[in-house]
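Peer 1: I'm passing along final-v7.cif; it holds mmCIF, C-alpha atoms.
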```
data_target
#
loop_
_atom_site.group_PDB
_atom_site.id
_atom_site.type_symbol
_atom_site.label_atom_id
_atom_site.label_comp_id
_atom_site.auth_asym_id
_atom_site.auth_seq_id
_atom_site.Cartn_x
_atom_site.Cartn_y
_atom_site.Cartn_z
ATOM 1 C CA MET X 208 10.440 8.335 73.287
ATOM 2 C CA ASN X 209 9.677 8.987 76.940
ATOM 3 C CA THR X 210 7.483 6.905 79.217
ATOM 4 C CA VAL X 211 4.376 9.070 78.773
ATOM 5 C CA GLU X 212 4.604 8.923 74.966
ATOM 6 C CA ARG X 213 5.114 5.155 75.125
ATOM 7 C CA ILE X 214 2.013 4.730 77.284
ATOM 8 C CA LYS X 215 -0.014 6.904 74.892
ATOM 9 C CA LEU X 216 1.083 4.805 71.929
ATOM 10 C CA VAL X 217 0.062 1.553 73.581
ATOM 11 C CA HIS X 218 -3.230 3.086 74.752
ATOM 12 C CA ARG X 219 -3.981 4.274 71.211
ATOM 13 C CA ALA X 220 -3.217 0.829 69.782
ATOM 14 C CA TRP X 221 -5.602 -0.818 72.231
ATOM 15 C CA ARG X 222 -8.272 1.809 71.551
ATOM 16 C CA TYR X 223 -8.124 0.948 67.851
ATOM 17 C CA ARG X 224 -8.262 -2.752 68.633
ATOM 18 C CA LEU X 225 -11.228 -2.521 70.999
ATOM 19 C CA ARG X 226 -13.261 0.432 69.749
ATOM 20 C CA THR X 227 -12.053 2.523 66.782
ATOM 21 C CA GLU X 228 -11.417 -0.138 64.118
ATOM 22 C CA PRO X 229 -11.780 -3.522 65.849
ATOM 23 C CA GLN X 230 -12.583 -5.576 62.723
ATOM 24 C CA GLU X 231 -9.677 -4.144 60.765
ATOM 25 C CA VAL X 232 -7.190 -4.691 63.584
ATOM 26 C CA ALA X 233 -8.546 -8.231 64.009
ATOM 27 C CA VAL X 234 -7.839 -9.006 60.343
ATOM 28 C CA VAL X 235 -4.292 -7.691 60.643
ATOM 29 C CA ARG X 236 -3.601 -9.634 63.822
ATOM 30 C CA ARG X 237 -5.128 -12.883 62.593
ATOM 31 C CA LEU X 238 -3.572 -12.910 59.142
ATOM 32 C CA LEU X 239 -0.016 -11.905 60.007
ATOM 33 C CA ARG X 240 2.413 -14.568 61.194
ATOM 34 C CA LYS X 241 5.826 -14.569 62.835
ATOM 35 C CA GLY X 242 8.652 -13.686 60.475
ATOM 36 C CA GLU X 243 6.465 -12.080 57.802
ATOM 37 C CA VAL X 244 6.658 -8.641 56.177
ATOM 38 C CA ALA X 245 3.856 -6.084 56.616
ATOM 39 C CA VAL X 246 3.423 -2.578 55.206
ATOM 40 C CA ASP X 247 1.568 0.281 56.936
ATOM 41 C CA VAL X 248 0.761 3.049 54.439
ATOM 42 C CA GLY X 249 -0.406 6.194 56.202
ATOM 43 C CA ALA X 250 0.903 4.985 59.536
ATOM 44 C CA HIS X 251 -0.152 8.136 61.435
ATOM 45 C CA ARG X 252 0.668 7.530 65.130
ATOM 46 C CA GLY X 253 1.309 3.813 64.800
ATOM 47 C CA ALA X 254 -1.873 2.126 66.040
ATOM 48 C CA PHE X 255 -1.680 -0.506 63.280
ATOM 49 C CA THR X 256 2.118 -0.471 63.160
ATOM 50 C CA TYR X 257 2.142 -1.514 66.807
ATOM 51 C CA TRP X 258 0.015 -4.612 66.214
ATOM 52 C CA MET X 259 1.912 -5.494 63.053
ATOM 53 C CA ALA X 260 5.198 -5.410 64.935
ATOM 54 C CA ARG X 261 3.754 -7.546 67.714
ATOM 55 C CA ARG X 262 2.565 -10.146 65.206
ATOM 56 C CA VAL X 263 5.638 -10.466 62.948
ATOM 57 C CA GLY X 264 8.067 -10.585 65.864
ATOM 58 C CA PRO X 265 11.830 -9.976 65.814
ATOM 59 C CA ARG X 266 12.373 -12.061 62.672
ATOM 60 C CA GLY X 267 9.735 -10.163 60.704
ATOM 61 C CA LEU X 268 9.659 -6.643 59.315
ATOM 62 C CA VAL X 269 7.149 -3.775 59.313
ATOM 63 C CA LEU X 270 7.575 -0.922 56.834
ATOM 64 C CA ALA X 271 5.712 2.204 57.965
ATOM 65 C CA PHE X 272 5.169 5.117 55.555
ATOM 66 C CA GLU X 273 4.160 8.516 56.928
ATOM 67 C CA PRO X 274 4.613 11.814 55.023
ATOM 68 C CA LEU X 275 3.977 14.277 57.858
ATOM 69 C CA PRO X 276 7.350 15.121 59.452
ATOM 70 C CA GLU X 277 5.920 15.434 62.968
ATOM 71 C CA LEU X 278 4.328 11.988 62.860
ATOM 72 C CA ALA X 279 7.226 10.342 61.018
ATOM 73 C CA GLN X 280 9.695 11.543 63.643
ATOM 74 C CA TYR X 281 7.374 10.282 66.376
ATOM 75 C CA LEU X 282 7.290 6.828 64.745
ATOM 76 C CA MET X 283 11.049 6.823 64.248
ATOM 77 C CA SER X 284 11.649 7.529 67.926
ATOM 78 C CA TRP X 285 9.434 4.570 68.782
ATOM 79 C CA ALA X 286 10.961 2.264 66.167
ATOM 80 C CA ALA X 287 14.446 3.040 67.451
ATOM 81 C CA GLU X 288 13.523 1.262 70.682
ATOM 82 C CA PHE X 289 13.235 -2.054 68.821
ATOM 83 C CA GLU X 290 16.791 -3.330 69.031
ATOM 84 C CA ASP X 291 15.911 -6.086 66.554
ATOM 85 C CA ARG X 292 14.941 -3.421 63.975
ATOM 86 C CA ARG X 293 11.619 -5.025 63.125
ATOM 87 C CA VAL X 294 10.084 -1.603 62.314
ATOM 88 C CA ARG X 295 11.451 0.707 59.623
ATOM 89 C CA VAL X 296 9.884 4.143 59.099
ATOM 90 C CA PHE X 297 9.926 6.138 55.860
ATOM 91 C CA GLU X 298 9.140 9.860 55.935
ATOM 92 C CA CYS X 299 7.381 10.012 52.589
ATOM 93 C CA ALA X 300 4.042 9.524 50.872
ATOM 94 C CA LEU X 301 3.499 6.500 48.666
ATOM 95 C CA SER X 302 2.093 7.200 45.217
ATOM 96 C CA ASN X 303 2.470 6.088 41.575
ATOM 97 C CA ARG X 304 5.508 8.281 40.923
ATOM 98 C CA GLU X 305 8.629 9.514 42.678
ATOM 99 C CA GLY X 306 9.241 13.183 43.367
ATOM 100 C CA THR X 307 7.306 15.679 45.471
ATOM 101 C CA ALA X 308 3.622 16.465 45.879
ATOM 102 C CA THR X 309 1.321 18.749 47.834
ATOM 103 C CA LEU X 310 -0.210 17.228 50.937
ATOM 104 C CA HIS X 311 -3.373 18.971 52.153
ATOM 105 C CA LEU X 312 -4.303 18.944 55.829
ATOM 106 C CA SER X 313 -7.833 19.057 57.169
ATOM 107 C CA GLY X 314 -7.597 21.830 59.747
ATOM 108 C CA HIS X 315 -5.706 20.494 62.749
ATOM 109 C CA HIS X 316 -6.694 16.871 62.141
ATOM 110 C CA LEU X 317 -3.463 15.251 60.957
ATOM 111 C CA GLY X 318 -5.187 11.944 60.251
ATOM 112 C CA ALA X 319 -7.127 13.408 57.314
ATOM 113 C CA ALA X 320 -4.153 14.626 55.266
ATOM 114 C CA THR X 321 -4.471 13.823 51.562
ATOM 115 C CA LEU X 322 -2.612 14.156 48.280
ATOM 116 C CA GLU X 323 -5.903 14.374 46.404
ATOM 117 C CA GLY X 324 -6.874 17.860 45.276
ATOM 118 C CA ASP X 325 -10.604 17.265 44.772
ATOM 119 C CA THR X 326 -11.477 17.066 48.447
ATOM 120 C CA ASP X 327 -13.779 19.437 50.307
ATOM 121 C CA ARG X 328 -11.531 19.231 53.377
ATOM 122 C CA MET X 329 -8.693 21.347 52.034
ATOM 123 C CA GLY X 330 -6.345 22.636 54.682
ATOM 124 C CA PRO X 331 -2.821 24.099 54.868
ATOM 125 C CA PRO X 332 -0.682 22.527 52.090
ATOM 126 C CA ILE X 333 2.838 21.208 52.620
ATOM 127 C CA ARG X 334 5.267 19.708 50.128
ATOM 128 C CA VAL X 335 6.247 16.102 50.803
ATOM 129 C CA ARG X 336 8.440 13.517 49.142
ATOM 130 C CA THR X 337 6.711 10.759 47.179
ATOM 131 C CA MET X 338 7.947 7.244 46.437
ATOM 132 C CA THR X 339 6.523 4.161 44.808
ATOM 133 C CA LEU X 340 6.266 0.975 46.796
ATOM 134 C CA ASP X 341 7.975 -0.983 44.036
ATOM 135 C CA ALA X 342 10.983 1.362 44.039
ATOM 136 C CA CYS X 343 11.235 1.263 47.814
ATOM 137 C CA LEU X 344 11.180 -2.515 47.904
ATOM 138 C CA SER X 345 13.512 -3.065 44.961
ATOM 139 C CA ASN X 346 16.748 -2.776 46.949
ATOM 140 C CA LEU X 347 15.450 -3.274 50.475
ATOM 141 C CA PRO X 348 16.634 -6.384 52.339
ATOM 142 C CA ARG X 349 13.622 -8.203 53.786
ATOM 143 C CA PRO X 350 13.010 -11.664 55.210
ATOM 144 C CA GLY X 351 10.415 -12.620 52.600
ATOM 145 C CA PRO X 352 7.568 -11.389 50.403
ATOM 146 C CA VAL X 353 5.087 -8.789 51.628
ATOM 147 C CA SER X 354 2.213 -10.647 53.311
ATOM 148 C CA LEU X 355 -0.140 -7.794 54.205
ATOM 149 C CA ILE X 356 -0.640 -4.103 53.454
ATOM 150 C CA LYS X 357 -2.806 -1.730 55.472
ATOM 151 C CA CYS X 358 -3.510 1.481 53.559
ATOM 152 C CA ASP X 359 -5.290 4.623 54.809
ATOM 153 C CA VAL X 360 -4.423 7.563 52.549
ATOM 154 C CA GLU X 361 -7.684 9.509 52.133
ATOM 155 C CA HIS X 362 -8.644 8.553 48.546
ATOM 156 C CA HIS X 363 -5.092 8.223 47.196
ATOM 157 C CA GLU X 364 -5.139 4.437 47.504
ATOM 158 C CA LEU X 365 -5.380 3.775 43.745
ATOM 159 C CA SER X 366 -2.095 5.609 43.154
ATOM 160 C CA VAL X 367 -0.476 3.734 46.055
ATOM 161 C CA PHE X 368 -1.439 0.364 44.602
ATOM 162 C CA GLN X 369 -0.424 1.384 41.080
ATOM 163 C CA GLY X 370 3.004 2.279 42.440
ATOM 164 C CA GLY X 371 3.289 -1.230 43.899
ATOM 165 C CA GLU X 372 1.862 -3.215 40.987
ATOM 166 C CA ALA X 373 4.922 -5.396 40.437
ATOM 167 C CA MET X 374 4.934 -6.391 44.109
ATOM 168 C CA LEU X 375 1.169 -6.981 44.161
ATOM 169 C CA CYS X 376 1.520 -9.378 41.244
ATOM 170 C CA SER X 377 4.523 -11.231 42.666
ATOM 171 C CA ASP X 378 3.903 -11.261 46.432
ATOM 172 C CA ARG X 379 0.067 -11.177 46.371
ATOM 173 C CA PRO X 380 -0.317 -9.621 49.846
ATOM 174 C CA VAL X 381 -3.659 -9.287 51.582
ATOM 175 C CA LEU X 382 -4.849 -5.665 51.350
ATOM 176 C CA VAL X 383 -6.749 -3.927 54.151
ATOM 177 C CA PHE X 384 -7.645 -0.389 53.138
ATOM 178 C CA GLU X 385 -10.039 2.525 53.481
ATOM 179 C CA SER X 386 -11.793 3.961 50.438
ATOM 180 C CA GLY X 387 -15.124 5.556 49.513
ATOM 181 C CA ASN X 388 -18.163 3.960 51.113
ATOM 182 C CA LEU X 389 -20.264 1.490 49.156
ATOM 183 C CA VAL X 390 -23.405 3.650 49.058
ATOM 184 C CA ASP X 391 -22.302 7.076 47.831
ATOM 185 C CA GLY X 392 -18.510 6.860 47.609
ATOM 186 C CA VAL X 393 -18.347 4.823 44.399
ATOM 187 C CA LYS X 394 -16.426 7.550 42.568
ATOM 188 C CA TYR X 395 -13.538 6.776 44.920
ATOM 189 C CA CYS X 396 -13.748 3.049 45.535
ATOM 190 C CA GLY X 397 -15.030 1.996 42.085
ATOM 191 C CA PRO X 398 -11.749 2.619 40.198
ATOM 192 C CA VAL X 399 -9.733 1.040 43.027
ATOM 193 C CA PHE X 400 -11.875 -2.091 43.007
ATOM 194 C CA ALA X 401 -11.689 -2.397 39.216
ATOM 195 C CA TYR X 402 -7.914 -2.027 39.233
ATOM 196 C CA LEU X 403 -7.346 -4.640 41.945
ATOM 197 C CA GLU X 404 -9.772 -7.061 40.291
ATOM 198 C CA SER X 405 -7.770 -6.709 37.062
ATOM 199 C CA LEU X 406 -4.750 -7.980 39.014
ATOM 200 C CA GLY X 407 -6.635 -11.051 40.236
ATOM 201 C CA TYR X 408 -7.895 -9.769 43.576
ATOM 202 C CA ARG X 409 -11.313 -10.367 45.109
ATOM 203 C CA GLY X 410 -12.889 -7.845 47.472
ATOM 204 C CA TYR X 411 -14.767 -8.144 50.757
ATOM 205 C CA PHE X 412 -16.505 -5.654 53.044
ATOM 206 C CA PHE X 413 -17.016 -5.782 56.796
ATOM 207 C CA PHE X 414 -20.361 -6.654 58.339
ATOM 208 C CA GLY X 415 -20.322 -7.271 62.067
ATOM 209 C CA SER X 416 -17.697 -9.894 62.838
ATOM 210 C CA SER X 417 -17.717 -11.259 59.287
ATOM 211 C CA ILE X 418 -16.373 -10.199 55.938
ATOM 212 C CA VAL X 419 -18.705 -10.509 52.953
ATOM 213 C CA PRO X 420 -17.810 -10.683 49.231
ATOM 214 C CA LEU X 421 -18.425 -7.354 47.536
ATOM 215 C CA GLU X 422 -20.733 -8.877 44.944
ATOM 216 C CA ARG X 423 -23.207 -9.683 47.732
ATOM 217 C CA PHE X 424 -23.555 -6.083 48.892
ATOM 218 C CA ASP X 425 -27.149 -4.885 49.121
ATOM 219 C CA PRO X 426 -27.777 -1.596 50.994
ATOM 220 C CA THR X 427 -31.250 -2.751 52.021
ATOM 221 C CA ARG X 428 -29.866 -5.923 53.572
ATOM 222 C CA PHE X 429 -26.540 -4.798 54.984
ATOM 223 C CA ARG X 430 -27.655 -1.746 56.916
ATOM 224 C CA VAL X 431 -24.649 -0.075 58.530
ATOM 225 C CA PRO X 432 -23.581 3.573 58.958
ATOM 226 C CA ALA X 433 -21.818 4.997 55.901
ATOM 227 C CA HIS X 434 -18.469 5.294 57.707
ATOM 228 C CA GLU X 435 -18.556 1.547 58.406
ATOM 229 C CA ASN X 436 -18.791 0.894 54.669
ATOM 230 C CA GLU X 437 -15.394 2.445 53.987
ATOM 231 C CA ASN X 438 -12.966 -0.335 54.936
ATOM 232 C CA PHE X 439 -12.274 -3.344 52.758
ATOM 233 C CA VAL X 440 -10.198 -6.498 52.482
ATOM 234 C CA PHE X 441 -8.878 -7.639 49.114
ATOM 235 C CA VAL X 442 -7.316 -11.071 48.668
ATOM 236 C CA HIS X 443 -5.661 -12.457 45.565
ATOM 237 C CA ALA X 444 -7.498 -15.367 43.981
ATOM 238 C CA ALA X 445 -4.428 -17.557 44.451
ATOM 239 C CA VAL X 446 -4.533 -17.208 48.258
ATOM 240 C CA THR X 447 -8.253 -16.949 49.087
ATOM 241 C CA ASP X 448 -7.959 -20.056 51.262
ATOM 242 C CA ARG X 449 -6.116 -17.883 53.771
ATOM 243 C CA ILE X 450 -8.980 -15.497 54.425
ATOM 244 C CA GLY X 451 -11.808 -17.808 55.540
ATOM 245 C CA PRO X 452 -10.398 -19.558 58.597
ATOM 246 C CA ALA X 453 -8.387 -16.515 59.620
ATOM 247 C CA VAL X 454 -11.232 -14.002 59.814
ATOM 248 C CA GLY X 455 -14.324 -16.008 60.571
ATOM 249 C CA SER X 456 -17.462 -16.966 58.729
ATOM 250 C CA LEU X 457 -18.301 -15.173 55.524
ATOM 251 C CA GLY X 458 -21.711 -13.585 55.229
ATOM 252 C CA SER X 459 -24.300 -15.797 53.580
#
```
Translate this structure into structure tokens?
Peer 2:
Amino acid sequence: MNTVERIKLVHRAWRYRLRTEPQEVAVVRRLLRKGEVAVDVGAHRGAFTYWMARRVGPRGLVLAFEPLPELAQYLMSWAAEFEDRRVRVFECALSNREGTATLHLSGHHLGAATLEGDTDRMGPPIRVRTMTLDACLSNLPRPGPVSLIKCDVEHHELSVFQGGEAMLCSDRPVLVFESGNLVDGVKYCGPVFAYLESLGYRGYFFFGSSIVPLERFDPTRFRVPAHENENFVFVHAAVTDRIGPAVGSLGS
């Protein structure tokens, strides 16, 4: 990775922190600790991967999954600069089975690629390798359990979590992910929420600088643009004490 590319990566990471997804980046930065393991599913150009690597430090580990060859190679060139090998990149899509699948692009916008076939943003298809998170982790040396997962896979998140069910039950990582919005995207987020709740997780949505339990959502009270209703935090019931002081006050 040359100097210009390195500057662009850092600039993009700061743009996400300050403007694009400030609440989500804040959760990742505040919840991760030195020496922990984090997973970035749908890593794209590494905006979240960058902050994860900064937080876990040389004794931690970040696993970044990106199915698009162009972006995966870009991330690999960056990760190679970490002599301590704290970032490991996988050129594959995470799902609930291993094999291959069709990834659909949305025009020239690489960030909207999806494995789901019921989208109205269908673009040029490419075949990509798929893995499950459980299979990937089964023989992978790591310093400890997975502490946090960020997932942005354009409505394929249920399959991603199903493919990591054993790890979700054993490691109980905090989940930060994008799904359908709470007003009219229930067909996407509803099944995901139900599945995670069956595993003992409790969900929260973002509202300003706070996160609010999902059961308190009221569209007449929490008035935000639809796209700001698409990101969520799920925490296992056994570790809910971690979320309050780390993120800030919960909505009342």
Peer 1: When you draw a straight line from atom CA of X:Arg266 to atom CA of X:Trp221, how long is it in Å?
Peer 2: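 If I compute the distance from atom CA of X:Arg266 to atom CA of X:Trp221, I get 23.3 Å.
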Peer 1: Kindly give the distance, in Å, that separates atom CA of X:Glu212 and atom CA of X:Cys299, rounded to a single decimal.
Peer 2: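 Straight-line distance from atom CA of X:Glu212 to atom CA of X:Cys299 works out to 22.6 Å.
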Peer 1: Dig up all the protein and nucleic acid residues within 9 Å of (-3.3, -9.1, 49.7) in the file frame, using all atoms listed in the file, and format them as a compact mmCIF listing (two decimals) with C-alpha atoms, in the coordinates of the input.
Peer 2:
```txt
# COMPACT_ATOMS: atom_id res chain seq x y z
CA VAL X 353 5.09 -8.79 51.63
CA SER X 354 2.21 -10.65 53.31
CA LEU X 355 -0.14 -7.79 54.20
CA ILE X 356 -0.64 -4.10 53.45
CA LEU X 375 1.17 -6.98 44.16
CA ASP X 378 3.90 -11.26 46.43
CA ARG X 379 0.07 -11.18 46.37
CA PRO X 380 -0.32 -9.62 49.85
CA VAL X 381 -3.66 -9.29 51.58
CA LEU X 382 -4.85 -5.66 51.35
CA VAL X 383 -6.75 -3.93 54.15
CA TYR X 408 -7.90 -9.77 43.58
CA VAL X 440 -10.20 -6.50 52.48
CA PHE X 441 -8.88 -7.64 49.11
CA VAL X 442 -7.32 -11.07 48.67
CA HIS X 443 -5.66 -12.46 45.56
CA VAL X 446 -4.53 -17.21 48.26
```
Peer 1: Where does the PyMOL selection byres ((chain X and resi 262) around 12) land in this file, that is, which residues does it pick, as a VMD selection string?
Peer 2: chain X and resid 232 to 245 255 to 261 263 to 269 293 to 294 354 to 355
Peer 1: Please evaluate the PyMOL selection byres ((chain X and resi 338-347) around 12) against the displayed coordinates and give the resulting residues as a ChimeraX atom specification.
Peer 2: /X:244-248,268,270-274,295-308,335-337,348-353,356,358,364-378
Peer 1: Enter the distance from atom CA of X:Pro420 to atom CA of X:Leu406, in Å, rounded to one decimal.
Peer 2: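 Spanning atom CA of X:Pro420 to atom CA of X:Leu406 is a straight-line distance of 16.8 Å.
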Peer 1: Could you extract stretch 298-397 of chain X of the given structure into a file holding C-alpha atoms, as a compact mmCIF listing (two decimals), in the first residue's frame?
Peer 2:
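Listed below is the output, out_11.txt:
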```txt
# COMPACT_ATOMS: atom_id res chain seq x y z
CA GLU X 298 -11.56 -13.07 0.86
CA CYS X 299 -14.96 -14.67 1.29
CA ALA X 300 -18.55 -13.98 2.28
CA LEU X 301 -19.85 -15.25 5.60
CA SER X 302 -23.11 -17.17 5.48
CA ASN X 303 -24.81 -20.23 7.02
CA ARG X 304 -23.12 -22.71 4.67
CA GLU X 305 -19.79 -23.27 2.96
CA GLY X 306 -19.43 -23.28 -0.81
CA THR X 307 -20.08 -20.57 -3.38
CA ALA X 308 -22.86 -18.05 -3.89
CA THR X 309 -23.86 -15.22 -6.20
CA LEU X 310 -23.00 -11.75 -4.97
CA HIS X 311 -25.04 -8.96 -6.58
CA LEU X 312 -23.59 -5.48 -6.95
CA SER X 313 -25.60 -2.28 -6.94
CA GLY X 314 -24.29 -0.52 -10.03
CA HIS X 315 -20.81 0.78 -9.26
CA HIS X 316 -21.43 1.09 -5.52
CA LEU X 317 -19.33 -1.73 -4.04
CA GLY X 318 -20.63 -1.07 -0.54
CA ALA X 319 -24.13 -2.30 -1.43
CA ALA X 320 -23.17 -5.79 -2.63
CA THR X 321 -25.50 -8.50 -1.33
CA LEU X 322 -26.03 -12.25 -1.39
CA GLU X 323 -29.78 -11.76 -1.08
CA GLY X 324 -31.73 -12.24 -4.29
CA ASP X 325 -34.89 -10.35 -3.32
CA THR X 326 -33.37 -6.90 -3.53
CA ASP X 327 -34.43 -4.15 -5.91
CA ARG X 328 -30.80 -3.06 -6.30
CA MET X 329 -29.67 -5.96 -8.46
CA GLY X 330 -26.42 -5.34 -10.28
CA PRO X 331 -23.74 -7.41 -12.05
CA PRO X 332 -23.47 -10.83 -10.32
CA ILE X 333 -20.18 -12.47 -9.39
CA ARG X 334 -19.51 -15.84 -7.79
CA VAL X 335 -17.81 -15.71 -4.40
CA ARG X 336 -16.68 -18.23 -1.82
CA THR X 337 -18.81 -18.60 1.31
CA MET X 338 -17.76 -19.75 4.77
CA THR X 339 -19.40 -20.02 8.15
CA LEU X 340 -17.96 -18.12 11.06
CA ASP X 341 -17.96 -21.25 13.21
CA ALA X 342 -15.92 -23.19 10.64
CA CYS X 343 -13.46 -20.34 10.22
CA LEU X 344 -12.90 -20.04 13.95
CA SER X 345 -12.72 -23.76 14.67
CA ASN X 346 -9.03 -24.16 13.85
CA LEU X 347 -7.88 -20.55 14.00
CA PRO X 348 -5.38 -19.62 16.73
CA ARG X 349 -6.64 -16.55 18.59
CA PRO X 350 -5.77 -14.87 21.88
CA GLY X 351 -9.24 -15.33 23.39
CA PRO X 352 -12.97 -15.41 22.70
CA VAL X 353 -14.59 -13.07 20.18
CA SER X 354 -15.59 -9.89 22.05
CA LEU X 355 -17.34 -7.91 19.31
CA ILE X 356 -18.72 -8.39 15.81
CA LYS X 357 -19.58 -5.60 13.39
CA CYS X 358 -21.75 -6.86 10.52
CA ASP X 359 -22.87 -4.95 7.41
CA VAL X 360 -23.96 -7.42 4.73
CA GLU X 361 -27.07 -5.88 3.14
CA HIS X 362 -29.82 -8.09 4.63
CA HIS X 363 -27.77 -11.30 4.82
CA GLU X 364 -27.07 -10.83 8.53
CA LEU X 365 -29.39 -13.64 9.69
CA SER X 366 -27.41 -16.19 7.67
CA VAL X 367 -24.14 -14.77 9.01
CA PHE X 368 -25.27 -15.17 12.61
CA GLN X 369 -26.71 -18.63 11.97
CA GLY X 370 -23.32 -19.67 10.62
CA GLY X 371 -21.71 -18.51 13.87
CA GLU X 372 -24.28 -19.85 16.33
CA ALA X 373 -21.86 -22.03 18.30
CA MET X 374 -19.53 -19.07 18.80
CA LEU X 375 -22.39 -16.72 19.70
CA CYS X 376 -23.49 -19.12 22.42
CA SER X 377 -20.00 -19.72 23.81
CA ASP X 378 -18.25 -16.35 23.40
CA ARG X 379 -21.33 -14.08 23.65
CA PRO X 380 -19.80 -11.17 21.70
CA VAL X 381 -21.46 -7.78 21.43
CA LEU X 382 -23.07 -7.43 17.98
CA VAL X 383 -23.17 -4.15 16.07
CA PHE X 384 -24.99 -4.59 12.78
CA GLU X 385 -27.11 -3.02 10.06
CA SER X 386 -30.52 -4.45 9.19
CA GLY X 387 -33.94 -3.25 8.02
CA ASN X 388 -35.16 -0.05 9.65
CA LEU X 389 -37.62 -0.21 12.52
CA VAL X 390 -40.48 1.51 10.67
CA ASP X 391 -40.84 -0.31 7.35
CA GLY X 392 -37.94 -2.77 7.27
CA VAL X 393 -39.41 -5.32 9.68
CA LYS X 394 -39.38 -8.08 7.06
CA TYR X 395 -35.59 -7.92 7.27
CA CYS X 396 -34.84 -7.11 10.89
CA GLY X 397 -37.75 -9.02 12.49
```
